[in-house]
Amino acid sequence: MLFEENKSLELLDPVVRDGCSLAELEQAATCIQVGLLCVQESPSQRPQMAAIIPMMSHQKALERPLRPVVCMPVSTLAD
C-alpha cells in the first residue's frame, strides 16, 4: 500500500533514510519498485533477469507493479 500511496521510502528505517542523499533515496525507491515487480503473482508479469540491470541503472523505464497477492497463514481448528 505504501508504494501505491507514493510512500515507498517509509519502508526504510528512519535512521537509514535520514542519512541518505537524494540520489540514494531515488535508488532505494527504484530497488523497492523492481522488488515488487519481481514478486508478481504470475511469472509472466515478472521481469526477466536480463531486464533488471537496465531497470536499476535507469536505462529502461520501470513498469508499475500490480498489488502483490497477500499470503495469509492457514489457521487450523483447535481440537
# chains A, B, ... in the order shown; residues from 1 in each chain; ligands from 1
call {"tool": "select_by_dssp", "arguments": {"residues": "chain A", "states": "helix (DSSP H, G or I)", "output": "ChimeraX atom specification"}}
result
/A:8-11,14-18,22-38,43-45,49-56
call {"tool": "write_last_selection", "arguments": {"atoms": "N, CA and C atoms", "output": "mmCIF file, in the first residue's frame"}}
result
data_model
loop_
_atom_site.group_PDB
_atom_site.id
_atom_site.type_symbol
_atom_site.label_atom_id
_atom_site.label_comp_id
_atom_site.auth_asym_id
_atom_site.auth_seq_id
_atom_site.Cartn_x
_atom_site.Cartn_y
_atom_site.Cartn_z
ATOM 1 N N SER A 8 6.885 4.759 -0.672
ATOM 2 C CA SER A 8 7.773 3.591 -0.600
ATOM 3 C C SER A 8 8.924 3.794 0.371
ATOM 4 N N LEU A 9 9.432 5.015 0.444
ATOM 5 C CA LEU A 9 10.602 5.254 1.288
ATOM 6 C C LEU A 9 10.295 5.102 2.774
ATOM 7 N N GLU A 10 9.021 5.034 3.132
ATOM 8 C CA GLU A 10 8.660 4.772 4.525
ATOM 9 C C GLU A 10 9.003 3.339 4.928
ATOM 10 N N LEU A 11 9.314 2.491 3.929
ATOM 11 C CA LEU A 11 9.753 1.130 4.230
ATOM 12 C C LEU A 11 11.162 1.116 4.816
ATOM 13 N N PRO A 14 14.021 4.786 9.538
ATOM 14 C CA PRO A 14 14.199 6.247 9.563
ATOM 15 C C PRO A 14 15.657 6.676 9.763
ATOM 16 N N VAL A 15 16.412 5.945 10.545
ATOM 17 C CA VAL A 15 17.815 6.299 10.760
ATOM 18 C C VAL A 15 18.586 6.202 9.450
ATOM 19 N N VAL A 16 18.329 5.155 8.683
ATOM 20 C CA VAL A 16 18.983 4.986 7.381
ATOM 21 C C VAL A 16 18.476 6.048 6.420
ATOM 22 N N ARG A 17 17.168 6.211 6.360
ATOM 23 C CA ARG A 17 16.553 7.162 5.426
ATOM 24 C C ARG A 17 17.069 8.585 5.646
ATOM 25 N N ASP A 18 17.181 8.983 6.904
ATOM 26 C CA ASP A 18 17.609 10.342 7.208
ATOM 27 C C ASP A 18 19.076 10.592 6.859
ATOM 28 N N LEU A 22 19.665 12.505 -1.713
ATOM 29 C CA LEU A 22 18.515 12.398 -2.605
ATOM 30 C C LEU A 22 18.741 11.296 -3.640
ATOM 31 N N ALA A 23 19.956 11.212 -4.179
ATOM 32 C CA ALA A 23 20.272 10.175 -5.173
ATOM 33 C C ALA A 23 20.150 8.786 -4.563
ATOM 34 N N GLU A 24 20.578 8.625 -3.323
ATOM 35 C CA GLU A 24 20.467 7.328 -2.652
ATOM 36 C C GLU A 24 19.008 6.968 -2.391
ATOM 37 N N LEU A 25 18.199 7.941 -2.042
ATOM 38 C CA LEU A 25 16.774 7.691 -1.825
ATOM 39 C C LEU A 25 16.083 7.314 -3.127
ATOM 40 N N GLU A 26 16.476 7.940 -4.215
ATOM 41 C CA GLU A 26 15.904 7.582 -5.517
ATOM 42 C C GLU A 26 16.285 6.155 -5.897
ATOM 43 N N GLN A 27 17.535 5.771 -5.608
ATOM 44 C CA GLN A 27 17.965 4.406 -5.903
ATOM 45 C C GLN A 27 17.211 3.408 -5.024
ATOM 46 N N ALA A 28 16.978 3.751 -3.773
ATOM 47 C CA ALA A 28 16.215 2.878 -2.880
ATOM 48 C C ALA A 28 14.791 2.705 -3.398
ATOM 49 N N ALA A 29 14.172 3.780 -3.873
ATOM 50 C CA ALA A 29 12.817 3.698 -4.419
ATOM 51 C C ALA A 29 12.794 2.802 -5.654
ATOM 52 N N THR A 30 13.834 2.892 -6.470
ATOM 53 C CA THR A 30 13.935 2.026 -7.647
ATOM 54 C C THR A 30 14.046 0.570 -7.220
ATOM 55 N N CYS A 31 14.869 0.289 -6.225
ATOM 56 C CA CYS A 31 15.032 -1.083 -5.736
ATOM 57 C C CYS A 31 13.713 -1.640 -5.213
ATOM 58 N N ILE A 32 12.970 -0.831 -4.511
ATOM 59 C CA ILE A 32 11.666 -1.269 -3.989
ATOM 60 C C ILE A 32 10.723 -1.597 -5.143
ATOM 61 N N GLN A 33 10.680 -0.727 -6.150
ATOM 62 C CA GLN A 33 9.773 -0.969 -7.278
ATOM 63 C C GLN A 33 10.184 -2.210 -8.058
ATOM 64 N N VAL A 34 11.480 -2.389 -8.301
ATOM 65 C CA VAL A 34 11.942 -3.589 -9.009
ATOM 66 C C VAL A 34 11.624 -4.833 -8.176
ATOM 67 N N GLY A 35 11.810 -4.743 -6.865
ATOM 68 C CA GLY A 35 11.479 -5.861 -5.995
ATOM 69 C C GLY A 35 10.017 -6.240 -6.089
ATOM 70 N N LEU A 36 9.152 -5.250 -6.130
ATOM 71 C CA LEU A 36 7.716 -5.531 -6.269
ATOM 72 C C LEU A 36 7.397 -6.149 -7.621
ATOM 73 N N LEU A 37 8.104 -5.703 -8.659
ATOM 74 C CA LEU A 37 7.903 -6.320 -9.975
ATOM 75 C C LEU A 37 8.327 -7.784 -9.968
ATOM 76 N N CYS A 38 9.363 -8.103 -9.210
ATOM 77 C CA CYS A 38 9.902 -9.465 -9.187
ATOM 78 C C CYS A 38 9.050 -10.450 -8.397
ATOM 79 N N PRO A 43 4.292 -15.505 -13.066
ATOM 80 C CA PRO A 43 5.665 -15.401 -13.587
ATOM 81 C C PRO A 43 5.756 -14.601 -14.884
ATOM 82 N N SER A 44 4.710 -14.604 -15.685
ATOM 83 C CA SER A 44 4.744 -13.854 -16.946
ATOM 84 C C SER A 44 4.731 -12.340 -16.716
ATOM 85 N N GLN A 45 4.324 -11.907 -15.520
ATOM 86 C CA GLN A 45 4.306 -10.479 -15.180
ATOM 87 C C GLN A 45 5.626 -10.025 -14.569
ATOM 88 N N MET A 49 15.529 -11.584 -15.890
ATOM 89 C CA MET A 49 16.760 -11.130 -15.239
ATOM 90 C C MET A 49 17.547 -10.168 -16.121
ATOM 91 N N ALA A 50 17.522 -10.386 -17.430
ATOM 92 C CA ALA A 50 18.251 -9.505 -18.340
ATOM 93 C C ALA A 50 17.698 -8.078 -18.319
ATOM 94 N N ALA A 51 16.476 -7.904 -17.862
ATOM 95 C CA ALA A 51 15.866 -6.575 -17.817
ATOM 96 C C ALA A 51 16.129 -5.852 -16.500
ATOM 97 N N ILE A 52 16.578 -6.579 -15.489
ATOM 98 C CA ILE A 52 16.750 -5.984 -14.160
ATOM 99 C C ILE A 52 17.844 -4.924 -14.139
ATOM 100 N N ILE A 53 19.014 -5.222 -14.698
ATOM 101 C CA ILE A 53 20.123 -4.260 -14.648
ATOM 102 C C ILE A 53 19.768 -2.964 -15.383
ATOM 103 N N PRO A 54 19.202 -3.036 -16.592
ATOM 104 C CA PRO A 54 18.790 -1.768 -17.216
ATOM 105 C C PRO A 54 17.758 -0.994 -16.390
ATOM 106 N N MET A 55 16.889 -1.705 -15.677
ATOM 107 C CA MET A 55 15.926 -1.024 -14.808
ATOM 108 C C MET A 55 16.645 -0.329 -13.664
ATOM 109 N N MET A 56 17.594 -1.037 -13.055
ATOM 110 C CA MET A 56 18.304 -0.487 -11.898
ATOM 111 C C MET A 56 19.182 0.702 -12.284
#
call {"tool": "atom_distance", "arguments": {"atom1": "CA of Glu5 (chain A)", "atom2": "CA of Gln48 (chain A)"}}
result
26.2 Å
call {"tool": "atom_distance", "arguments": {"atom1": "CA of Gln40 (chain A)", "atom2": "CA of Leu66 (chain A)"}}
result
7.0 Å
call {"tool": "atom_distance", "arguments": {"atom1": "CA of Glu4 (chain A)", "atom2": "CA of Arg64 (chain A)"}}
result
9.3 Å
call {"tool": "closest_residue", "arguments": {"among": "A:Lys60, A:Lys7, A:Cys20, A:Met1", "to": "Pro47 (chain A)", "atoms": "only C-alpha atoms"}}
result
A:Lys60
